[in-house]
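Notes follow the structure.
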Number of protein chains: 2
Amino acid sequence: MNTEKKRSDCPISCSLDIWGDKWTLLIIRDLMSAKASTYGDFLKSPERISTNILAARLKVLEENKLIEKLAHPDSKAKVLYKLTRKGIDLLPILVEVNLWAEKYLSMSDDRKAMLEDVKKDKAGFIKTMTENLEEL
Amino acid sequence: MNTEKKRSDCPISCSLDIWGDKWTLLIIRDLMSAKASTYGDFLKSPERISTNILAARLKVLEENKLIEKLAHPDSKAKVLYKLTRKGIDLLPILVEVNLWAEKYLSMSDDRKAMLEDVKKDKAGFIKTMTENLEEL
DNA sequence: AACACTCACTTGCATATTGCAAGCACTTTT
DNA sequence: AAAAGTGCTTGCAATATGCAAGTGAGTGTT
């Protein structure tokens, strides 16, 4: 994806220039459910991103400061990727995507049940989840 | 974009399989601000989508019932594209994208001012706008 | 210290998608 | 009847993607 030149001044367009491809939001999703992931963790996701694409997307995400690299506590060979606040703040978007999908796409019952809880207090869910993701 | 096979059962992934490319949400955006557009209207947007991509995206959007074609009242040569309820319901996502962009990307002051109003009553804005888009 | 093994990438290459320009059928205007 | 507008389609070059294999640093085992 070309993230160098922006296509217009529209906020939607500029946002899509950063994370508007088939893969990036899935990486963000993984980081939101895992809090922090290694390169290998991303590769385990069911969508099977390929290694070169993953490396390219992580680079763009880091350049745009949506994620940051951390030293892994267990090993110098491993790298931990973590969302910055800027990345965490994509959560409201992902929540709305889930709610749209719940309304129009098929979804497992347990996933639906989880979303029912989210809907009861959307703002509260986002706040709690954000705080949880922000602590190191 | 390949919309035939879905990559996983994840709601995010399935949603992205439909509208998760660089162009589709811009088409949706145009339809939200214009209520209905012709093929030529889309081409006038500042991002300069090319004609073959536009035709391909409109086809996928129609196949997935996010938009519908209507006869133009003025001319048989023209076609009117309009959002279905399924397409209109992407509005909460676009609102959140705008709010994220407001927080992290540069934006004109008048656009910011408009978003301040949206933030004061997000649910109300979405409801009003949805009703407005739904009437023929 | 040598060995295999893990981990995070990078590289090469075939295939798929995009983007530009031109073309085309149909309708409307002059 | 000719010219222009409208909604596409087609051809082709440039770019991006996806797969497999490779690399090089770090780790754990002997």
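Naming works like this for the structure tokens: A, B, ... for the chains as they're shown, residue 1 at the start of each chain, ligands 1 onward in shown order.
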
Residues of chain C within 10 Å of chain A, counting only C-alpha atoms (C1' of nucleotides), as a PyMOL selection string: chain C and resi 6-11

Residue hits in chain D, query chain B, radius 10 Å, only C-alpha atoms (C1' of nucleotides), as a PyMOL selection string: chain D and resi 5-10

Include C-alpha atoms (C1' of nucleotides) and write out the residues we just selected as a PDB file, in the first residue's frame.
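The resulting file, part35.pdb, is reproduced below:
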ATOM      1  C1'  DG D   5     -22.859  13.539 -22.273  1.00  0.00           C
ATOM      2  C1'  DT D   6     -23.247   9.268 -19.600  1.00  0.00           C
ATOM      3  C1'  DG D   7     -22.030   4.843 -17.921  1.00  0.00           C
ATOM      4  C1'  DC D   8     -19.466   1.792 -18.486  1.00  0.00           C
ATOM      5  C1'  DT D   9     -15.616  -1.927 -20.836  1.00  0.00           C
ATOM      6  C1'  DT D  10     -11.100  -3.113 -22.700  1.00  0.00           C
TER       7       DT D  10
END

Residue list (alpha helix (DSSP H), DSSP) for chain A, as an MDAnalysis selection string: chainID A and resid 11:19 24:34 39:43 51:63 85:88 91:104 109:120 122:134

Residues near Lys65 (chain A), cut-off 8 Å, only C-alpha atoms (C1' of nucleotides), skip fewer than 5 positions along chain, as a PyMOL selection string: chain A and resi 84+86-87

Check: which chain B residues lie within 9 Å of chain A using only C-alpha atoms, as a ChimeraX atom specification: /B:6-17,20-23,25-26,29,46-48,86,89-90,92-108

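Of the residues in chain A, those given strand (DSSP E) by DSSP on the backbone are Ala36, Ser37, Ile67, Glu68, Lys69, Leu70, Ala71, Val79, Leu80, Tyr81, Lys82 and Leu83 of chain A.
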